[in-house]
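Dropping work.cif in here (mmCIF, N, CA, C and O atoms):
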data_entry
loop_
_atom_site.label_atom_id
_atom_site.label_comp_id
_atom_site.auth_asym_id
_atom_site.auth_seq_id
_atom_site.Cartn_x
_atom_site.Cartn_y
_atom_site.Cartn_z
N MET A 52 70.89 -35.11 33.49
CA MET A 52 71.32 -33.74 33.68
C MET A 52 72.03 -33.28 32.41
O MET A 52 72.85 -33.99 31.86
N GLY A 53 71.73 -32.09 31.98
CA GLY A 53 72.39 -31.52 30.82
C GLY A 53 73.61 -30.72 31.22
O GLY A 53 74.16 -30.87 32.32
N LYS A 54 74.02 -29.84 30.31
CA LYS A 54 75.19 -29.01 30.60
C LYS A 54 74.88 -28.06 31.76
O LYS A 54 73.75 -27.68 31.99
N VAL A 55 75.95 -27.68 32.45
CA VAL A 55 75.85 -26.78 33.60
C VAL A 55 76.58 -25.50 33.27
O VAL A 55 77.63 -25.52 32.62
N ASP A 56 76.05 -24.38 33.73
CA ASP A 56 76.69 -23.09 33.57
C ASP A 56 78.14 -23.15 34.06
O ASP A 56 78.42 -23.76 35.11
N LYS A 57 79.06 -22.55 33.34
CA LYS A 57 80.49 -22.63 33.66
C LYS A 57 80.79 -22.11 35.07
O LYS A 57 81.56 -22.74 35.81
N ASN A 58 80.23 -21.00 35.45
CA ASN A 58 80.48 -20.42 36.78
C ASN A 58 80.01 -21.38 37.88
O ASN A 58 80.72 -21.60 38.86
N LYS A 59 78.82 -21.92 37.71
CA LYS A 59 78.29 -22.86 38.70
C LYS A 59 79.15 -24.12 38.74
O LYS A 59 79.46 -24.65 39.80
N ALA A 60 79.56 -24.62 37.57
CA ALA A 60 80.40 -25.81 37.50
C ALA A 60 81.74 -25.59 38.21
O ALA A 60 82.24 -26.49 38.89
N GLU A 61 82.30 -24.40 38.10
CA GLU A 61 83.55 -24.09 38.80
C GLU A 61 83.37 -24.12 40.31
O GLU A 61 84.20 -24.65 41.04
N LYS A 62 82.27 -23.57 40.80
CA LYS A 62 81.99 -23.56 42.24
C LYS A 62 81.77 -24.98 42.75
O LYS A 62 82.30 -25.36 43.80
N VAL A 63 81.00 -25.77 42.02
CA VAL A 63 80.73 -27.14 42.42
C VAL A 63 82.02 -27.97 42.34
O VAL A 63 82.30 -28.77 43.23
N GLY A 64 82.82 -27.74 41.29
CA GLY A 64 84.10 -28.45 41.15
C GLY A 64 85.04 -28.16 42.30
O GLY A 64 85.70 -29.07 42.82
N ASP A 65 85.08 -26.92 42.75
CA ASP A 65 85.92 -26.55 43.89
C ASP A 65 85.40 -27.21 45.17
O ASP A 65 86.18 -27.75 45.95
N PHE A 66 84.11 -27.17 45.38
CA PHE A 66 83.50 -27.79 46.56
C PHE A 66 83.78 -29.29 46.56
O PHE A 66 84.18 -29.87 47.58
N LEU A 67 83.57 -29.93 45.41
CA LEU A 67 83.80 -31.36 45.28
C LEU A 67 85.26 -31.71 45.53
O LEU A 67 85.57 -32.67 46.23
N PHE A 68 86.17 -30.92 44.99
CA PHE A 68 87.61 -31.15 45.20
C PHE A 68 87.95 -31.11 46.69
O PHE A 68 88.62 -32.00 47.21
N ARG A 69 87.47 -30.10 47.40
CA ARG A 69 87.77 -29.98 48.83
C ARG A 69 87.16 -31.13 49.62
O ARG A 69 87.78 -31.67 50.53
N TYR A 70 85.95 -31.54 49.24
CA TYR A 70 85.32 -32.68 49.91
C TYR A 70 86.12 -33.95 49.66
O TYR A 70 86.38 -34.72 50.59
N MET A 71 86.54 -34.18 48.42
CA MET A 71 87.30 -35.39 48.09
C MET A 71 88.65 -35.40 48.79
O MET A 71 89.13 -36.46 49.20
N GLN A 72 89.27 -34.24 48.94
CA GLN A 72 90.53 -34.15 49.68
C GLN A 72 90.31 -34.55 51.14
O GLN A 72 91.09 -35.29 51.72
N ALA A 73 89.25 -34.03 51.75
CA ALA A 73 88.95 -34.36 53.14
C ALA A 73 88.64 -35.85 53.28
O ALA A 73 89.15 -36.52 54.19
N ARG A 74 87.88 -36.38 52.36
CA ARG A 74 87.52 -37.80 52.39
C ARG A 74 88.77 -38.66 52.27
O ARG A 74 88.92 -39.65 52.98
N HIS A 75 89.68 -38.26 51.42
CA HIS A 75 90.92 -39.01 51.23
C HIS A 75 91.77 -38.99 52.51
O HIS A 75 92.45 -39.96 52.81
N ARG A 76 91.72 -37.90 53.25
CA ARG A 76 92.48 -37.82 54.50
C ARG A 76 91.99 -38.84 55.52
O ARG A 76 92.77 -39.33 56.33
N PHE A 77 90.69 -39.15 55.48
CA PHE A 77 90.14 -40.12 56.41
C PHE A 77 90.21 -41.55 55.88
O PHE A 77 90.22 -42.49 56.65
N ARG A 78 90.24 -41.71 54.58
CA ARG A 78 90.19 -43.03 53.96
C ARG A 78 91.25 -43.13 52.88
O ARG A 78 91.01 -42.77 51.74
N ASP A 79 92.42 -43.64 53.21
CA ASP A 79 93.52 -43.70 52.26
C ASP A 79 93.22 -44.52 51.01
O ASP A 79 93.78 -44.27 49.96
N ARG A 80 92.35 -45.50 51.11
CA ARG A 80 92.09 -46.36 49.96
C ARG A 80 91.23 -45.68 48.88
O ARG A 80 91.05 -46.21 47.80
N LEU A 81 90.69 -44.53 49.18
CA LEU A 81 89.85 -43.83 48.23
C LEU A 81 90.70 -42.99 47.28
O LEU A 81 91.78 -42.55 47.63
N GLU A 82 90.15 -42.78 46.10
CA GLU A 82 90.87 -42.04 45.07
C GLU A 82 91.19 -40.61 45.48
O GLU A 82 90.40 -39.96 46.15
N ARG A 83 92.36 -40.15 45.06
CA ARG A 83 92.66 -38.72 45.18
C ARG A 83 91.84 -38.00 44.12
O ARG A 83 91.63 -38.52 43.03
N PRO A 84 91.40 -36.81 44.42
CA PRO A 84 90.57 -36.10 43.42
C PRO A 84 91.39 -35.54 42.27
O PRO A 84 92.58 -35.28 42.40
N LEU A 85 90.71 -35.37 41.17
CA LEU A 85 91.28 -34.60 40.07
C LEU A 85 91.38 -33.15 40.54
O LEU A 85 90.69 -32.75 41.47
N PRO A 86 92.20 -32.34 39.89
CA PRO A 86 92.22 -30.91 40.22
C PRO A 86 90.83 -30.29 40.03
O PRO A 86 90.05 -30.74 39.18
N SER A 87 90.53 -29.26 40.80
CA SER A 87 89.19 -28.68 40.77
C SER A 87 88.79 -28.17 39.38
O SER A 87 87.63 -28.29 39.00
N HIS A 88 89.76 -27.65 38.62
CA HIS A 88 89.39 -27.15 37.28
C HIS A 88 89.00 -28.30 36.35
O HIS A 88 88.14 -28.13 35.49
N GLU A 89 89.59 -29.48 36.52
CA GLU A 89 89.21 -30.64 35.71
C GLU A 89 87.84 -31.17 36.14
O GLU A 89 87.03 -31.56 35.30
N LEU A 90 87.58 -31.18 37.44
CA LEU A 90 86.26 -31.57 37.92
C LEU A 90 85.20 -30.62 37.37
O LEU A 90 84.13 -31.06 36.95
N ALA A 91 85.51 -29.33 37.34
CA ALA A 91 84.57 -28.32 36.85
C ALA A 91 84.22 -28.57 35.38
O ALA A 91 83.05 -28.46 34.99
N VAL A 92 85.20 -28.92 34.57
CA VAL A 92 84.94 -29.19 33.15
C VAL A 92 83.99 -30.38 33.01
O VAL A 92 83.05 -30.35 32.22
N LEU A 93 84.23 -31.43 33.79
CA LEU A 93 83.37 -32.62 33.73
C LEU A 93 81.96 -32.30 34.20
O LEU A 93 80.97 -32.74 33.61
N ILE A 94 81.85 -31.51 35.26
CA ILE A 94 80.53 -31.11 35.77
C ILE A 94 79.81 -30.24 34.74
O ILE A 94 78.61 -30.41 34.49
N GLU A 95 80.54 -29.34 34.13
CA GLU A 95 79.95 -28.47 33.10
C GLU A 95 79.38 -29.30 31.95
O GLU A 95 78.34 -28.96 31.38
N ARG A 96 80.02 -30.40 31.64
CA ARG A 96 79.56 -31.29 30.55
C ARG A 96 78.42 -32.21 30.98
O ARG A 96 77.88 -32.95 30.17
N GLY A 97 78.09 -32.21 32.29
CA GLY A 97 76.94 -32.98 32.75
C GLY A 97 77.26 -34.18 33.62
O GLY A 97 76.36 -34.89 34.05
N LYS A 98 78.54 -34.42 33.92
CA LYS A 98 78.89 -35.57 34.76
C LYS A 98 78.38 -35.34 36.18
O LYS A 98 78.48 -34.25 36.72
N GLN A 99 77.82 -36.41 36.80
CA GLN A 99 77.25 -36.29 38.14
C GLN A 99 77.91 -37.21 39.15
O GLN A 99 77.71 -37.02 40.35
N GLU A 100 78.67 -38.23 38.72
CA GLU A 100 79.22 -39.21 39.64
C GLU A 100 80.74 -39.19 39.58
O GLU A 100 81.33 -39.23 38.50
N PHE A 101 81.36 -39.11 40.75
CA PHE A 101 82.81 -39.08 40.87
C PHE A 101 83.20 -40.01 42.02
O PHE A 101 83.00 -39.68 43.18
N ASP A 102 83.74 -41.19 41.70
CA ASP A 102 84.15 -42.17 42.71
C ASP A 102 83.04 -42.41 43.73
O ASP A 102 83.25 -42.38 44.93
N GLU A 103 81.84 -42.63 43.22
CA GLU A 103 80.62 -42.88 44.00
C GLU A 103 80.15 -41.68 44.83
O GLU A 103 79.38 -41.83 45.77
N ILE A 104 80.63 -40.50 44.48
CA ILE A 104 80.10 -39.26 45.05
C ILE A 104 79.18 -38.68 43.99
O ILE A 104 79.58 -38.52 42.84
N TYR A 105 77.95 -38.38 44.39
CA TYR A 105 76.98 -37.86 43.45
C TYR A 105 76.72 -36.38 43.73
O TYR A 105 76.50 -36.00 44.87
N VAL A 106 76.78 -35.59 42.66
CA VAL A 106 76.56 -34.15 42.80
C VAL A 106 75.32 -33.72 42.02
O VAL A 106 74.99 -34.30 40.99
N GLU A 107 74.66 -32.73 42.56
CA GLU A 107 73.56 -32.05 41.90
C GLU A 107 73.88 -30.56 42.01
O GLU A 107 73.77 -29.98 43.09
N PRO A 108 74.32 -29.94 40.92
CA PRO A 108 74.77 -28.55 40.98
C PRO A 108 73.76 -27.56 41.54
O PRO A 108 74.15 -26.56 42.12
N ASP A 109 72.47 -27.85 41.43
CA ASP A 109 71.46 -26.92 41.95
C ASP A 109 71.14 -27.14 43.42
O ASP A 109 70.44 -26.34 44.02
N ALA A 110 71.65 -28.24 43.99
CA ALA A 110 71.40 -28.52 45.40
C ALA A 110 72.37 -27.71 46.28
O ALA A 110 73.42 -27.27 45.82
N ASN A 111 71.99 -27.54 47.53
CA ASN A 111 72.85 -26.84 48.47
C ASN A 111 72.94 -27.64 49.77
O ASN A 111 71.96 -27.69 50.50
N PRO A 112 74.05 -28.30 50.02
CA PRO A 112 75.30 -28.37 49.26
C PRO A 112 75.14 -29.28 48.04
O PRO A 112 74.22 -30.10 48.00
N PRO A 113 76.03 -29.12 47.06
CA PRO A 113 75.88 -29.85 45.81
C PRO A 113 76.20 -31.35 45.88
O PRO A 113 75.87 -32.08 44.97
N ILE A 114 76.82 -31.80 46.96
CA ILE A 114 77.09 -33.23 47.12
C ILE A 114 75.89 -33.83 47.83
O ILE A 114 75.54 -33.43 48.94
N VAL A 115 75.25 -34.82 47.18
CA VAL A 115 74.02 -35.37 47.74
C VAL A 115 74.17 -36.80 48.25
O VAL A 115 73.31 -37.28 48.99
N LEU A 116 75.25 -37.50 47.88
CA LEU A 116 75.44 -38.88 48.30
C LEU A 116 76.90 -39.28 48.13
O LEU A 116 77.55 -38.86 47.17
N ASP A 117 77.39 -40.07 49.06
CA ASP A 117 78.73 -40.64 48.94
C ASP A 117 78.60 -42.14 49.21
O ASP A 117 78.38 -42.55 50.34
N GLY A 118 78.71 -42.93 48.18
CA GLY A 118 78.53 -44.37 48.29
C GLY A 118 79.68 -45.12 48.92
O GLY A 118 79.53 -46.27 49.30
N LYS A 119 80.85 -44.49 49.05
CA LYS A 119 82.01 -45.16 49.63
C LYS A 119 82.35 -44.70 51.04
O LYS A 119 83.03 -45.42 51.75
N ALA A 120 81.95 -43.53 51.42
CA ALA A 120 82.36 -42.98 52.72
C ALA A 120 81.20 -42.25 53.37
O ALA A 120 81.24 -41.04 53.58
N ASP A 121 80.16 -43.00 53.70
CA ASP A 121 78.97 -42.39 54.27
C ASP A 121 79.25 -41.67 55.58
O ASP A 121 78.66 -40.64 55.87
N ASP A 122 80.21 -42.19 56.38
CA ASP A 122 80.52 -41.53 57.65
C ASP A 122 81.15 -40.16 57.42
O ASP A 122 80.85 -39.20 58.12
N VAL A 123 82.00 -40.05 56.43
CA VAL A 123 82.61 -38.75 56.09
C VAL A 123 81.53 -37.80 55.58
O VAL A 123 81.49 -36.63 55.95
N PHE A 124 80.64 -38.30 54.72
CA PHE A 124 79.53 -37.51 54.20
C PHE A 124 78.67 -36.98 55.35
O PHE A 124 78.34 -35.79 55.39
N GLU A 125 78.32 -37.85 56.29
CA GLU A 125 77.51 -37.45 57.43
C GLU A 125 78.21 -36.36 58.26
O GLU A 125 77.58 -35.40 58.68
N ALA A 126 79.51 -36.52 58.47
CA ALA A 126 80.25 -35.57 59.30
C ALA A 126 80.44 -34.23 58.60
O ALA A 126 80.22 -33.17 59.19
N ILE A 127 80.85 -34.24 57.35
CA ILE A 127 81.21 -33.00 56.67
C ILE A 127 80.00 -32.31 56.05
O ILE A 127 79.80 -31.11 56.24
N ILE A 128 79.19 -33.04 55.32
CA ILE A 128 78.06 -32.41 54.61
C ILE A 128 76.88 -32.18 55.55
O ILE A 128 76.30 -31.10 55.58
N LYS A 129 76.53 -33.18 56.34
CA LYS A 129 75.38 -33.04 57.23
C LYS A 129 75.75 -32.50 58.61
O LYS A 129 74.89 -32.31 59.46
N LYS A 130 77.05 -32.29 58.83
CA LYS A 130 77.58 -31.71 60.07
C LYS A 130 77.21 -32.53 61.31
O LYS A 130 76.96 -31.99 62.37
N ARG A 131 77.23 -33.83 61.14
CA ARG A 131 77.04 -34.76 62.26
C ARG A 131 78.42 -35.28 62.62
O ARG A 131 78.81 -36.38 62.23
N TYR A 132 79.17 -34.48 63.34
CA TYR A 132 80.59 -34.74 63.57
C TYR A 132 80.87 -36.05 64.30
O TYR A 132 81.93 -36.62 64.15
N ARG A 133 79.92 -36.54 65.04
CA ARG A 133 80.12 -37.79 65.76
C ARG A 133 80.10 -39.00 64.84
O ARG A 133 80.36 -40.11 65.28
N ALA A 134 79.79 -38.81 63.57
CA ALA A 134 79.80 -39.92 62.61
C ALA A 134 81.21 -40.48 62.45
O ALA A 134 81.39 -41.63 62.09
N ILE A 135 82.22 -39.64 62.72
CA ILE A 135 83.62 -40.07 62.70
C ILE A 135 84.12 -39.91 64.13
O ILE A 135 84.53 -38.84 64.54
N PRO A 136 84.08 -40.99 64.92
CA PRO A 136 84.33 -40.88 66.36
C PRO A 136 85.72 -40.35 66.73
O PRO A 136 85.88 -39.75 67.78
N PHE A 137 86.71 -40.54 65.90
CA PHE A 137 88.07 -40.12 66.24
C PHE A 137 88.38 -38.72 65.73
O PHE A 137 89.49 -38.24 65.87
N TRP A 138 87.42 -38.04 65.16
CA TRP A 138 87.67 -36.73 64.55
C TRP A 138 87.69 -35.64 65.60
O TRP A 138 86.73 -35.44 66.34
N ASP A 139 88.77 -34.92 65.67
CA ASP A 139 88.91 -33.76 66.54
C ASP A 139 88.86 -32.53 65.66
O ASP A 139 89.81 -32.26 64.91
N ARG A 140 87.78 -31.76 65.71
CA ARG A 140 87.61 -30.60 64.82
C ARG A 140 88.73 -29.58 64.98
O ARG A 140 89.14 -28.95 64.02
N GLY A 141 89.24 -29.41 66.19
CA GLY A 141 90.32 -28.46 66.40
C GLY A 141 91.57 -28.85 65.64
O GLY A 141 92.22 -28.02 65.01
N LEU A 142 91.92 -30.13 65.67
CA LEU A 142 93.08 -30.60 64.91
C LEU A 142 92.84 -30.48 63.42
O LEU A 142 93.73 -30.12 62.65
N TRP A 143 91.63 -30.80 62.99
CA TRP A 143 91.30 -30.75 61.56
C TRP A 143 91.50 -29.33 61.02
O TRP A 143 92.09 -29.13 59.98
N ARG A 144 91.04 -28.35 61.73
CA ARG A 144 91.15 -26.96 61.26
C ARG A 144 92.60 -26.49 61.19
O ARG A 144 92.91 -25.60 60.43
N ARG A 145 93.46 -27.09 61.99
CA ARG A 145 94.88 -26.72 61.94
C ARG A 145 95.64 -27.57 60.93
O ARG A 145 96.86 -27.45 60.82
N GLY A 146 94.95 -28.45 60.20
CA GLY A 146 95.59 -29.25 59.17
C GLY A 146 96.20 -30.53 59.68
O GLY A 146 96.99 -31.17 58.99
N GLU A 147 95.85 -30.93 60.90
CA GLU A 147 96.36 -32.17 61.46
C GLU A 147 95.22 -33.18 61.49
O GLU A 147 94.06 -32.83 61.41
N THR A 148 95.56 -34.46 61.59
CA THR A 148 94.54 -35.48 61.78
C THR A 148 94.94 -36.37 62.93
O THR A 148 96.10 -36.44 63.29
N THR A 149 93.96 -37.05 63.49
CA THR A 149 94.23 -37.97 64.60
C THR A 149 94.19 -39.41 64.13
O THR A 149 94.27 -40.31 64.92
N CYS A 150 94.02 -39.64 62.84
CA CYS A 150 93.95 -41.01 62.35
C CYS A 150 95.23 -41.41 61.65
O CYS A 150 96.09 -40.66 61.40
#

Let me see whether you can do it: turn the structure in this file into structure tokens.
Amino acid sequence: MGKVDKNKAEKVGDFLFRYMQARHRFRDRLERPLPSHELAVLIERGKQEFDEIYVEPDANPPIVLDGKADDVFEAIIKKRYRAIPFWDRGLWRRGETTC
């Protein structure tokens, strides 16, 4: 992958940041994300892998694989909420977790 348009990189960086934050809430051992503007700069330069999360800026959604937290990927990206059996969507939306 070559360089990515700055605007697209910013959108993907923000999406990736929010996904990594959610993933970290479920899995404490996983890395905290860089700030979204730093992720955007790396994406703009062509980086595709972030802590085993793979992004493709032209894909929708831009996250295509998570090698460390497949259950979180299935629940959030593919919207298969039962992939995380203890997840209560109502609590999640209010900023609480059950884990």

**Request:** Might you spell out which residues the PyMOL selection byres (((chain A and resi 112-121 and name CA) around 9) and name CA) would select in the displayed file, as number ranges by chain?
**Result:** A: 63, 66-67, 70, 74, 78, 81, 102-111, 122-126, 128, 134

**Request:** Find the spatial neighbours of A:Leu90, counting all atoms listed in the file, within a cut-off of 7 Å - ignore same-chain residues fewer than 6 positions away - and output them as a ChimeraX atom specification.
**Result:** /A:60-61,63-65,96,98

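For the choices A:Arg69, A:Lys59, A:Arg131, A:His75, the atom-to-atom distance to A:Ile94 is smallest for A:Lys59 when using all atoms listed in the file.
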
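The spacing separating atom N of A:Lys129 from atom C of A:Gln72 amounts to 14.8 Å.
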
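Atom CA of A:Leu85 is found 9.0 Å from atom CA of A:Met71.
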
**Prompt:** Quick one, how far is atom N of A:His88 from atom CA of A:Phe68?
**Reply:** 7.8 Å

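Distance annotation: of A:Arg76, A:Gly97, A:Glu82, A:Lys130, the residue with the minimal separation from A:Asp56 is A:Gly97; atom set is only C-alpha atoms.
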